[in-house]
file work09.txt (compact mmCIF, C-alpha atoms)
# COMPACT_ATOMS: atom_id res chain seq x y z
CA MET I 65 -26.22 -11.17 32.66
CA ALA I 66 -23.49 -11.32 30.05
CA LEU I 67 -22.54 -7.88 28.73
CA ASN I 68 -23.64 -6.78 25.28
CA ARG I 69 -21.25 -5.12 22.82
CA GLU I 70 -21.96 -1.62 24.09
CA GLN I 71 -21.41 -2.65 27.71
CA ILE I 72 -18.08 -4.30 26.87
CA ALA I 73 -17.06 -1.00 25.24
CA MET I 74 -18.22 0.91 28.34
CA ARG I 75 -16.06 -1.29 30.56
CA VAL I 76 -13.02 -0.89 28.28
CA ALA I 77 -13.51 2.89 28.39
CA GLN I 78 -12.73 2.71 32.11
CA GLU I 79 -9.16 1.81 31.10
CA LEU I 80 -8.72 5.24 29.46
CA ARG I 81 -6.70 7.95 31.17
CA ASP I 82 -6.49 11.68 30.55
CA GLY I 83 -3.92 12.45 27.85
CA TYR I 84 -3.85 8.95 26.34
CA TYR I 85 -3.16 8.34 22.65
CA VAL I 86 -5.36 5.35 21.77
CA ASN I 87 -5.74 3.03 18.80
CA LEU I 88 -9.12 1.33 18.53
CA GLY I 89 -9.56 -1.72 16.31
CA ILE I 90 -12.58 -2.60 14.20
CA GLY I 91 -15.80 -3.86 15.83
CA ILE I 92 -16.43 -3.55 19.59
CA PRO I 93 -13.19 -1.52 20.09
CA THR I 94 -14.56 1.22 17.80
CA LEU I 95 -17.52 1.63 20.16
CA VAL I 96 -15.17 2.61 23.01
CA ALA I 97 -14.93 6.07 21.41
CA ASN I 98 -18.57 6.65 22.42
CA TYR I 99 -17.78 6.24 26.12
CA VAL I 100 -14.74 8.45 26.68
CA PRO I 101 -15.38 10.05 30.11
CA THR I 102 -16.27 13.73 29.70
CA ASN I 103 -13.62 14.85 32.21
CA MET I 104 -10.70 13.63 30.10
CA GLN I 105 -9.03 14.25 26.77
CA VAL I 106 -8.16 11.24 24.63
CA MET I 107 -6.62 11.35 21.15
CA LEU I 108 -7.62 8.54 18.77
CA GLN I 109 -5.00 7.22 16.35
CA SER I 110 -6.09 5.62 13.10
CA GLU I 111 -3.29 3.62 11.50
CA ASN I 112 -4.02 4.79 7.96
CA GLY I 113 -2.50 8.13 8.94
CA LEU I 114 -4.58 10.19 11.36
CA LEU I 115 -3.99 11.24 14.94
CA GLY I 116 -7.02 12.99 16.37
CA MET I 117 -9.99 11.20 14.84
CA GLY I 118 -13.34 12.94 15.28
CA PRO I 119 -16.91 11.64 14.98
CA PHE I 120 -18.54 10.48 11.76
CA PRO I 121 -19.27 13.38 9.39
CA THR I 122 -22.65 14.84 8.64
CA GLU I 123 -23.85 14.29 5.09
CA ALA I 124 -22.47 17.74 4.21
CA GLU I 125 -19.06 17.06 5.75
CA ILE I 126 -18.31 13.76 3.97
CA ASP I 127 -14.85 13.76 2.42
CA ALA I 128 -13.57 10.75 0.46
CA ASP I 129 -10.01 11.72 1.39
CA LEU I 130 -10.75 11.42 5.11
CA ILE I 131 -11.35 7.87 6.35
CA ASN I 132 -10.35 5.69 9.29
CA ALA I 133 -8.64 2.29 9.29
CA GLY I 134 -12.05 0.64 8.89
CA LYS I 135 -12.44 2.66 5.67
CA GLN I 136 -15.32 4.60 7.22
CA THR I 137 -15.72 8.30 6.53
CA VAL I 138 -14.70 10.30 9.63
CA THR I 139 -13.81 13.85 10.68
CA THR I 140 -10.82 15.33 12.50
CA ALA I 141 -10.80 16.38 16.13
CA THR I 142 -9.27 19.70 17.18
CA GLY I 143 -5.48 19.41 17.08
CA ALA I 144 -5.43 16.49 14.62
CA ALA I 145 -2.48 15.57 12.38
CA PHE I 146 -2.16 13.61 9.13
CA PHE I 147 0.88 11.53 8.18
CA SER I 148 2.03 8.60 6.06
CA SER I 149 1.58 4.91 6.85
CA ALA I 150 5.30 4.63 7.69
CA GLU I 151 5.03 7.48 10.19
CA SER I 152 1.85 5.95 11.59
CA PHE I 153 3.51 2.62 12.26
CA ALA I 154 6.59 4.34 13.65
CA MET I 155 4.23 5.67 16.34
CA ILE I 156 2.89 2.17 16.89
CA ARG I 157 6.15 0.21 16.58
CA GLY I 158 8.04 2.77 18.63
CA GLY I 159 5.68 2.30 21.56
CA HIS I 160 4.25 5.82 21.50
CA VAL I 161 0.59 4.76 21.57
CA ASP I 162 -0.61 4.49 25.18
CA LEU I 163 -3.44 2.01 24.70
CA THR I 164 -4.52 -0.35 21.94
CA VAL I 165 -7.90 -2.09 21.97
CA LEU I 166 -8.56 -4.91 19.56
CA GLY I 167 -10.70 -7.99 19.05
CA ALA I 168 -9.52 -11.61 18.95
CA PHE I 169 -10.60 -15.19 18.28
CA GLU I 170 -8.45 -16.63 21.07
CA VAL I 171 -6.07 -15.56 23.83
CA ASP I 172 -3.93 -17.88 25.94
CA VAL I 173 -2.34 -17.91 29.41
CA ASN I 174 0.99 -16.75 27.97
CA GLY I 175 -0.61 -13.65 26.49
CA SER I 176 -0.44 -14.88 22.92
CA ILE I 177 -3.28 -13.84 20.63
CA ALA I 178 -4.91 -15.30 17.51
CA SER I 179 -7.10 -12.86 15.61
CA TRP I 180 -6.50 -12.97 11.88
CA MET I 181 -6.74 -16.42 10.34
CA VAL I 182 -9.01 -19.44 10.55
CA PRO I 183 -7.53 -22.29 8.47
CA GLY I 184 -9.93 -23.47 5.80
CA LYS I 185 -11.69 -20.12 5.66
CA LEU I 186 -10.70 -17.27 3.37
CA VAL I 187 -7.70 -15.45 4.76
CA LYS I 188 -8.20 -11.75 4.29
CA GLY I 189 -5.01 -10.63 5.95
CA MET I 190 -3.75 -9.27 9.22
CA GLY I 191 -3.91 -5.58 8.27
CA GLY I 192 -2.21 -3.67 11.07
CA ALA I 193 -3.03 -6.10 13.91
CA MET I 194 0.41 -7.77 14.08
CA ASP I 195 2.13 -4.38 14.23
CA LEU I 196 -0.26 -3.16 16.91
CA VAL I 197 0.19 -6.14 19.22
CA ALA I 198 3.98 -6.05 18.75
CA GLY I 199 4.26 -2.31 19.31
CA ALA I 200 1.85 -1.38 22.07
CA GLN I 201 2.84 -1.63 25.73
CA ASN I 202 -0.74 -1.65 26.89
CA ILE I 203 -3.23 -3.79 24.98
CA VAL I 204 -6.80 -4.65 25.91
CA VAL I 205 -8.49 -7.46 24.00
CA THR I 206 -12.27 -7.51 23.68
CA MET I 207 -14.13 -10.67 22.77
CA THR I 208 -16.85 -13.00 23.98
CA HIS I 209 -15.62 -15.36 26.68
CA ALA I 210 -16.75 -18.44 24.75
CA ASP I 211 -17.87 -19.16 21.19
CA LYS I 212 -21.47 -19.91 20.19
CA SER I 213 -21.07 -23.60 21.04
CA GLY I 214 -19.83 -22.63 24.51
CA ALA I 215 -16.17 -23.47 23.85
CA SER I 216 -13.72 -21.24 25.73
CA LYS I 217 -11.69 -18.59 23.92
CA LEU I 218 -9.36 -18.15 26.92
CA LEU I 219 -7.07 -21.10 26.36
CA LYS I 220 -4.02 -22.94 27.65
CA GLN I 221 -2.55 -22.42 24.23
CA CYS I 222 -4.02 -20.71 21.15
CA SER I 223 -5.09 -23.25 18.51
CA LEU I 224 -5.35 -20.79 15.59
CA PRO I 225 -2.41 -19.11 13.80
CA LEU I 226 -1.00 -16.39 16.04
CA THR I 227 -1.10 -12.63 15.58
CA GLY I 228 1.51 -12.12 18.29
CA VAL I 229 3.24 -13.97 21.12
CA LYS I 230 3.25 -13.02 24.82
CA CYS I 231 1.87 -9.53 24.28
CA ILE I 232 -1.61 -9.40 25.85
CA LYS I 233 -2.03 -8.41 29.48
CA LYS I 234 -5.75 -7.72 29.79
CA VAL I 235 -8.96 -9.16 28.32
CA VAL I 236 -12.46 -7.72 28.69
CA THR I 237 -15.14 -10.26 27.77
CA ASP I 238 -18.90 -10.36 28.05
CA LEU I 239 -18.43 -12.17 31.39
CA ALA I 240 -15.26 -10.90 33.02
CA VAL I 241 -12.16 -8.74 33.18
CA VAL I 242 -9.11 -11.00 33.17
CA GLU I 243 -5.47 -10.09 33.63
CA ILE I 244 -2.69 -12.25 32.19
CA ARG I 245 0.34 -12.61 34.44
CA ASN I 246 2.98 -15.31 35.07
CA GLY I 247 1.41 -17.74 32.62
CA LYS I 248 -2.03 -17.63 34.22
CA PHE I 249 -5.33 -15.83 33.87
CA HIS I 250 -6.28 -13.77 36.92
CA LEU I 251 -9.96 -12.96 37.41
CA LEU I 252 -10.30 -9.26 38.29
CA GLU I 253 -14.01 -8.54 37.84
CA ARG I 254 -17.18 -10.31 36.78
CA ALA I 255 -20.11 -8.95 34.82
CA PRO I 256 -23.15 -8.04 36.94
CA ASP I 257 -25.03 -11.17 38.03
CA VAL I 258 -22.55 -13.52 36.36
CA SER I 259 -21.29 -16.22 38.73
CA VAL I 260 -17.65 -17.11 39.25
CA GLU I 261 -18.68 -20.70 38.45
CA GLU I 262 -19.90 -19.72 35.00
CA ILE I 263 -16.64 -17.89 34.28
CA VAL I 264 -14.62 -20.88 35.49
CA SER I 265 -16.64 -23.24 33.31
CA LYS I 266 -15.93 -21.11 30.25
CA THR I 267 -12.21 -20.58 30.87
CA GLU I 268 -9.95 -23.36 29.62
CA GLY I 269 -6.60 -21.90 30.69
CA GLU I 270 -5.62 -21.83 34.37
CA LEU I 271 -7.64 -19.16 36.16
CA VAL I 272 -6.60 -17.68 39.49
CA ILE I 273 -9.64 -16.61 41.52
CA PRO I 274 -9.22 -14.23 44.45
CA ALA I 275 -11.35 -14.60 47.57
CA HIS I 276 -13.54 -11.73 46.47
CA VAL I 277 -14.37 -11.06 42.81
CA PRO I 278 -16.07 -7.66 42.49
CA GLU I 279 -18.81 -6.98 39.97
CA MET I 280 -18.02 -4.52 37.19
CA LYS I 281 -19.33 -1.06 37.94
CA PHE I 282 -21.06 1.16 35.40
CA ASP I 283 -22.00 4.77 36.12
CA MET R 210 10.32 23.27 -20.59
CA ALA R 211 13.02 20.65 -20.06
CA GLY R 212 15.38 20.31 -17.08
CA PHE R 213 13.35 19.35 -14.04
CA ASP R 214 9.98 19.48 -15.74
CA LYS R 215 8.33 16.12 -14.98
CA VAL R 216 4.90 16.80 -16.44
CA VAL R 217 3.56 14.39 -19.06
CA HIS R 218 0.37 14.96 -21.00
CA SER R 219 -1.06 11.50 -21.56
CA TYR R 220 -1.40 8.26 -19.65
CA GLU R 221 0.55 6.54 -22.49
CA GLU R 222 3.49 8.83 -21.80
CA ALA R 223 3.07 8.36 -18.05
CA LEU R 224 3.43 4.61 -18.42
CA ALA R 225 6.02 4.47 -21.23
CA GLY R 226 8.28 1.45 -20.65
CA PHE R 227 5.71 -0.45 -18.59
CA LYS R 228 6.22 -4.16 -19.35
CA ASP R 229 4.90 -7.63 -18.55
CA GLY R 230 6.41 -9.20 -15.44
CA MET R 231 7.31 -5.94 -13.76
CA THR R 232 7.04 -5.15 -10.06
CA VAL R 233 4.59 -2.33 -9.42
CA MET R 234 3.77 -0.37 -6.27
CA ALA R 235 0.34 1.24 -6.13
CA GLY R 236 -0.45 3.79 -3.40
CA GLY R 237 -3.69 3.98 -1.47
CA PHE R 238 -5.48 2.63 1.58
CA GLY R 239 -8.61 0.83 0.45
CA LEU R 240 -9.91 3.10 -2.30
CA CYS R 241 -8.62 6.25 -0.58
CA GLY R 242 -5.71 7.92 -2.35
CA ILE R 243 -5.36 5.47 -5.24
CA PRO R 244 -4.00 6.59 -8.65
CA GLU R 245 -7.29 5.85 -10.41
CA GLY R 246 -6.34 6.88 -13.92
CA LEU R 247 -2.97 5.10 -13.94
CA ILE R 248 -4.58 1.91 -12.64
CA LYS R 249 -7.19 2.11 -15.39
CA LYS R 250 -4.51 2.67 -18.02
CA VAL R 251 -2.52 -0.40 -16.92
CA TYR R 252 -5.80 -2.33 -17.20
CA GLU R 253 -6.26 -1.05 -20.76
CA LEU R 254 -2.64 -1.84 -21.68
CA GLY R 255 -3.28 -5.36 -20.39
CA ASN R 256 0.23 -6.17 -19.15
CA THR R 257 0.39 -9.48 -17.29
CA GLY R 258 2.62 -11.36 -14.88
CA LEU R 259 2.82 -8.35 -12.56
CA THR R 260 4.04 -8.42 -8.99
CA VAL R 261 1.88 -5.84 -7.27
CA ILE R 262 2.66 -4.20 -3.93
CA SER R 263 -0.30 -2.38 -2.44
CA ASN R 264 -1.98 -2.37 0.96
CA ASN R 265 -5.24 -3.67 -0.54
CA ALA R 266 -6.49 -5.04 -3.84
CA GLY R 267 -9.35 -2.72 -4.73
CA VAL R 268 -12.95 -3.86 -5.05
CA ASP R 269 -14.67 -5.78 -7.83
CA GLY R 270 -14.51 -3.65 -10.98
CA PHE R 271 -12.67 -0.65 -9.47
CA GLY R 272 -9.11 0.18 -8.45
CA LEU R 273 -6.81 -2.83 -8.51
CA GLY R 274 -9.93 -4.99 -8.84
CA LEU R 275 -9.62 -4.13 -12.55
CA TRP R 276 -6.22 -5.84 -12.79
CA LEU R 277 -7.70 -8.92 -11.15
CA GLU R 278 -10.43 -9.00 -13.82
CA LYS R 279 -7.84 -9.31 -16.58
CA ARG R 280 -5.66 -11.74 -14.59
CA GLN R 281 -2.78 -9.26 -14.76
CA ILE R 282 -1.41 -10.01 -11.27
CA LYS R 283 0.91 -12.96 -10.71
CA THR R 284 1.90 -12.09 -7.14
CA MET R 285 0.12 -9.74 -4.76
CA ILE R 286 1.88 -8.32 -1.72
CA ALA R 287 -0.72 -6.74 0.59
CA SER R 288 -1.87 -6.54 4.20
CA TYR R 289 -5.62 -6.94 3.77
CA VAL R 290 -7.55 -8.18 0.76
CA GLY R 291 -11.01 -8.92 2.07
CA GLU R 292 -13.14 -6.57 0.00
CA ASN R 293 -13.05 -8.53 -3.19
CA ALA R 294 -14.94 -11.64 -4.36
CA LEU R 295 -12.79 -12.19 -7.45
CA PHE R 296 -9.65 -12.07 -5.33
CA GLU R 297 -10.83 -15.09 -3.36
CA LYS R 298 -11.52 -17.04 -6.56
CA LEU R 299 -8.08 -16.34 -8.07
CA LEU R 300 -6.41 -17.22 -4.79
CA LEU R 301 -8.21 -20.52 -4.34
CA SER R 302 -7.67 -21.55 -7.98
CA GLY R 303 -3.95 -20.87 -7.66
CA GLU R 304 -3.96 -18.34 -10.53
CA MET R 305 -2.45 -15.75 -8.22
CA GLU R 306 -0.01 -15.91 -5.34
CA VAL R 307 -0.54 -13.71 -2.29
CA ILE R 308 2.07 -12.67 0.22
CA LEU R 309 0.20 -11.26 3.21
CA THR R 310 2.37 -8.74 5.00
CA PRO R 311 1.62 -6.81 8.20
CA GLN R 312 0.63 -3.26 7.33
CA GLY R 313 3.39 -1.53 9.28
CA THR R 314 5.99 -3.95 7.97
CA LEU R 315 4.73 -3.29 4.43
CA ALA R 316 5.02 0.47 4.92
CA GLU R 317 8.51 0.10 6.37
CA LYS R 318 9.58 -2.26 3.55
CA CYS R 319 8.71 0.49 1.06
CA ARG R 320 10.32 3.23 3.15
CA ALA R 321 13.51 1.18 3.61
CA GLY R 322 13.59 0.23 -0.08
CA GLY R 323 13.44 3.86 -1.09
CA ALA R 324 16.10 4.78 1.46
CA GLY R 325 18.62 2.19 0.29
CA ILE R 326 18.22 -0.03 3.35
CA PRO R 327 18.07 -3.69 2.21
CA ALA R 328 16.52 -5.16 5.35
CA PHE R 329 15.47 -4.28 8.88
CA TYR R 330 14.50 -5.97 12.14
CA THR R 331 10.99 -5.64 13.56
CA ALA R 332 9.15 -7.32 16.43
CA THR R 333 6.03 -7.46 14.27
CA GLY R 334 5.13 -11.04 13.38
CA TYR R 335 7.75 -12.70 15.55
CA GLY R 336 6.57 -16.22 16.42
CA THR R 337 3.82 -16.16 13.76
CA LYS R 338 3.45 -17.52 10.22
CA VAL R 339 4.84 -14.24 8.90
CA ALA R 340 8.25 -15.04 10.43
CA GLU R 341 8.51 -18.57 9.01
CA ASP R 342 11.86 -19.14 7.28
CA LYS R 343 13.09 -15.63 8.12
CA PRO R 344 16.20 -14.95 10.24
CA THR R 345 15.56 -13.69 13.76
CA ALA R 346 17.72 -11.95 16.34
CA ASN R 347 17.45 -10.90 19.95
CA PHE R 348 18.26 -7.33 20.92
CA ASP R 349 18.18 -6.27 24.58
CA GLY R 350 16.06 -9.27 25.50
CA ARG R 351 13.45 -8.95 22.79
CA ASP R 352 13.04 -11.09 19.65
CA TYR R 353 12.88 -9.58 16.17
CA VAL R 354 12.34 -10.79 12.60
CA LEU R 355 14.55 -9.74 9.70
CA GLU R 356 12.39 -8.32 6.91
CA ARG R 357 13.67 -7.51 3.41
CA SER R 358 12.83 -4.14 1.94
CA LEU R 359 10.95 -3.60 -1.33
CA THR R 360 11.54 -1.56 -4.46
CA ALA R 361 9.58 -1.45 -7.71
CA ASP R 362 10.07 -0.98 -11.44
CA PHE R 363 7.14 1.43 -11.39
CA SER R 364 5.57 3.21 -8.42
CA LEU R 365 2.15 4.61 -9.17
CA VAL R 366 1.11 7.18 -6.60
CA LYS R 367 -1.67 9.69 -6.10
CA ALA R 368 -1.11 13.19 -4.74
CA TRP R 369 -3.32 16.22 -4.35
CA LYS R 370 -1.02 18.84 -5.84
CA ALA R 371 2.30 18.78 -7.64
CA ASP R 372 4.48 21.41 -9.17
CA ARG R 373 6.22 20.81 -12.49
CA PHE R 374 9.36 19.69 -10.66
CA GLY R 375 7.48 16.79 -9.07
CA ASN R 376 7.24 18.17 -5.54
CA LEU R 377 4.12 16.59 -4.06
CA VAL R 378 1.51 17.50 -1.47
CA PHE R 379 -1.01 14.92 -0.30
CA ARG R 380 -4.46 15.56 1.09
CA LYS R 381 -5.69 14.26 4.48
CA THR R 382 -5.67 10.46 4.81
CA ALA R 383 -5.23 10.07 1.05
CA MET R 384 -1.52 10.29 1.88
CA ASN R 385 -1.18 6.78 3.42
CA PHE R 386 1.31 4.62 1.45
CA ASN R 387 1.94 7.15 -1.31
CA PRO R 388 5.00 8.97 0.12
CA MET R 389 7.02 5.80 0.79
CA MET R 390 6.07 4.21 -2.50
CA ALA R 391 7.11 7.37 -4.30
CA THR R 392 10.63 6.89 -2.94
CA ALA R 393 10.86 3.19 -3.87
CA GLY R 394 10.11 3.26 -7.61
CA ARG R 395 12.77 3.09 -10.32
CA ILE R 396 10.19 5.12 -12.22
CA THR R 397 7.70 6.94 -10.01
CA VAL R 398 4.61 8.36 -11.63
CA ALA R 399 2.41 10.74 -9.66
CA GLU R 400 -1.20 11.25 -10.71
CA VAL R 401 -2.43 14.51 -9.21
CA GLU R 402 -5.50 16.71 -9.04
CA GLU R 403 -3.70 19.95 -9.74
CA ILE R 404 -0.35 20.96 -11.23
CA VAL R 405 1.13 24.34 -10.34
CA GLU R 406 4.27 26.19 -11.36
CA PRO R 407 7.51 25.68 -9.39
CA GLY R 408 7.58 28.11 -6.48
CA GLU R 409 3.84 28.08 -5.94
CA LEU R 410 3.97 25.29 -3.34
CA ASP R 411 5.36 26.41 -0.01
CA PRO R 412 8.75 24.63 0.28
CA GLN R 413 8.21 23.93 3.96
CA ASN R 414 4.90 22.20 3.30
CA ILE R 415 6.05 19.73 0.65
CA HIS R 416 5.50 16.08 1.65
CA THR R 417 7.49 14.39 -1.13
CA PRO R 418 10.42 16.28 -2.70
CA GLY R 419 10.58 16.10 -6.49
CA ILE R 420 13.83 14.11 -6.54
CA TYR R 421 11.76 10.94 -6.04
CA VAL R 422 9.26 11.68 -8.80
CA HIS R 423 9.95 11.08 -12.48
CA ARG R 424 6.64 11.79 -14.15
CA VAL R 425 3.63 13.88 -13.15
CA ILE R 426 0.26 13.63 -14.83
CA LYS R 427 -2.88 15.60 -14.09
CA GLY R 428 -5.65 13.03 -13.63
CA THR R 429 -8.54 13.43 -16.03
CA HIS R 430 -11.18 12.14 -13.63
CA PHE R 431 -11.19 11.15 -9.95
CA GLU R 432 -14.22 9.18 -8.91
CA LYS R 433 -13.00 8.93 -5.26
CA ARG R 434 -15.31 6.09 -4.42
CA ILE R 435 -16.14 5.68 -0.71
CA GLU R 436 -16.15 2.15 0.74
CA GLN R 437 -17.93 2.75 4.05
CA ARG R 438 -20.10 5.84 3.94
CA THR R 439 -20.83 6.52 7.60
CA VAL R 440 -22.64 9.65 8.75
CA ARG R 441 -24.13 11.19 11.85
CA LYS R 442 -27.21 13.35 11.89
CA ALA R 443 -26.53 17.05 11.40

call {"tool": "encode", "arguments": {"input": "work09.txt", "output": "structure tokens"}}
result
Amino acid sequence: MALNREQIAMRVAQELRDGYYVNLGIGIPTLVANYVPTNMQVMLQSENGLLGMGPFPTEAEIDADLINAGKQTVTTATGAAFFSSAESFAMIRGGHVDLTVLGAFEVDVNGSIASWMVPGKLVKGMGGAMDLVAGAQNIVVTMTHADKSGASKLLKQCSLPLTGVKCIKKVVTDLAVVEIRNGKFHLLERAPDVSVEEIVSKTEGELVIPAHVPEMKFD
Amino acid sequence: MAGFDKVVHSYEEALAGFKDGMTVMAGGFGLCGIPEGLIKKVYELGNTGLTVISNNAGVDGFGLGLWLEKRQIKTMIASYVGENALFEKLLLSGEMEVILTPQGTLAEKCRAGGAGIPAFYTATGYGTKVAEDKPTANFDGRDYVLERSLTADFSLVKAWKADRFGNLVFRKTAMNFNPMMATAGRITVAEVEEIVEPGELDPQNIHTPGIYVHRVIKGTHFEKRIEQRTVRKA
């Protein structure tokens, strides 16, 4: 069975480590915050100027001056800090954020990513995505393995305008966990009850398959 | 009081000298921390041909969305403009030019502009459309794009508190682009919720020193509209 959005987030959460500063993008990445293992501390960075993002507020706690990068009302976690956008992107550009999770339209075997622009459709802008992919050392991309028509999103070469070049090392899809290394995709794990054949058929770029491909584990 | 007293008492005074064709920075992230009253006043004044630097472009009928309504913007420099139906129309019809700029690069362009740095190298956008026609360089094995900094004729910012000398304190994530933009304006106007006497703000807790700020106005009304009201159960 292909993973649903929540399950993809659960798998990404396994990439977290105690003491990590983490930036979560909009969409599935946001859901990762719900699955931080209880035995570790993780600090969420929001690029509009907050380190230490807490849960959504109660009705009584809502504060228009306290939002996340998705413009949602949020709260602060214990030990949080506020700062300007320049300071925020100094953290990102300077490589101080331990893990960035973001969505994409396409990823290719060289680790390039396209996530912000589909020609012919309205271009809304890249927001902070280009800064995040250029600045983070450790980036996990979440997306479906193929589009609705079945066409692969893990490509030899991205067809859409790029967000960044040669910057992605790991992709978690609804079907698999894939590492990008030496110009190839490497299959690390498959979703429960998803066959290697199905993953191969939905991966356009060269995919290296080890003798044994373990199923993802969920507690 | 003269000397360092920056306080003005009307939006007319706050925007004295504002002209057609000027370059304007407007602080805020989405609708959070925007100088609501100053934006509304520019809308009422009706100046056109503006080059506007702001992370976003407001929503229909509020924030910078007002300037779109009156076709006041010639060129928009922003990182994300998706929240606005009119924006799309003006873009497609060619009535307005848009220069999409990565958010961190935009913040740094304002910071550098205010700090007298004309350009800087960043890895952001290397190998993408953003880097087209820009010089690049390789440092220590990594490729970077040369980005020009930005300054403005007017910077319109929003702060929580100011003293009469223009020292500013921002509140929570309403800080965002406001501190850098405050440094990059030839005339910087701060719209604030509260004005106190010099000495009342703790000097070690001031975010923006008054040297950057030329005019301070106490806002008459802050709507503080919320774009995505998300709550959990109590």

call {"tool": "interface_residues", "arguments": {"input": "work09.txt", "of": "chain I", "to": "chain R", "cutoff": "7 Å", "atoms": "only C-alpha atoms", "output": "JSON, numbers by chain"}}
result
{"I": [112, 113, 114, 120, 121, 122, 123, 128, 129, 130, 131, 135, 136, 137, 146, 147, 148, 149, 150, 153, 188, 189, 190, 191, 192, 194, 195, 198, 225, 226, 227, 228, 229]}

call {"tool": "atom_distance", "arguments": {"input": "work09.txt", "atom1": "CA of Val251 in chain R", "atom2": "CA of Gly270 in chain R"}}
result
13.8 Å

call {"tool": "closest_residue", "arguments": {"input": "work09.txt", "among": "I:Gln221, I:Ala133, I:Thr142, I:Glu270", "to": "Ser110 in chain I", "atoms": "only C-alpha atoms"}}
result
I:Ala133

call {"tool": "atom_distance", "arguments": {"input": "work09.txt", "atom1": "CA of Glu402 in chain R", "atom2": "CA of Pro244 in chain R"}}
result
10.2 Å

call {"tool": "axis_aligned_box", "arguments": {"input": "work09.txt", "around": "range 177-195 of chain I", "padding_each_side": "5 Å", "output": "lines of an AutoDock Vina configuration file"}}
result
center_x = -4.8
center_y = -13.6
center_z = 12.0
size_x = 23.8
size_y = 29.8
size_z = 27.3

call {"tool": "residues_near_point", "arguments": {"input": "work09.txt", "point": "(-16.2, -5.4, 44.4)", "cutoff": "10 Å", "atoms": "all atoms listed in the file", "output": "MDAnalysis selection string"}}
result
chainID I and resid 252:254 276:281

call {"tool": "residues_near_point", "arguments": {"input": "work09.txt", "point": "(13.2, -12.0, 7.6)", "cutoff": "6 Å", "atoms": "all atoms listed in the file", "output": "list in words"}}
result
Lys343, Pro344, Val354, Leu355 and Glu356 of chain R

call {"tool": "atom_distance", "arguments": {"input": "work09.txt", "atom1": "CA of Ile415 in chain R", "atom2": "CA of Glu151 in chain I"}}
result
15.6 Å

call {"tool": "closest_residue", "arguments": {"input": "work09.txt", "among": "I:Glu268, I:Glu261, I:Glu243, I:Asp162", "to": "Gln109 in chain I", "atoms": "all atoms listed in the file"}}
result
I:Asp162

call {"tool": "residues_around", "arguments": {"input": "work09.txt", "residues": "Phe249 in chain I", "least_positions_apart": "2", "cutoff": "7 Å", "atoms": "all atoms listed in the file", "output": "VMD selection string"}}
result
chain I and resid 173 242 to 245 251 269 to 272

call {"tool": "residues_around", "arguments": {"input": "work09.txt", "residues": "Val205 in chain I", "least_positions_apart": "3", "cutoff": "6 Å", "atoms": "only C-alpha atoms", "output": "PyMOL selection string"}}
result
chain I and resi 165-167+235

call {"tool": "closest_residue", "arguments": {"input": "work09.txt", "among": "I:Val187, I:Leu218, I:Leu115, I:Met207", "to": "Lys248 in chain I", "atoms": "only C-alpha atoms"}}
result
I:Leu218

call {"tool": "residues_around", "arguments": {"input": "work09.txt", "residues": "Arg373 in chain R", "least_positions_apart": "4", "cutoff": "10 Å", "atoms": "all atoms listed in the file", "output": "PyMOL selection string"}}
result
chain R and resi 210+213-217+377+404-408+419+424-426
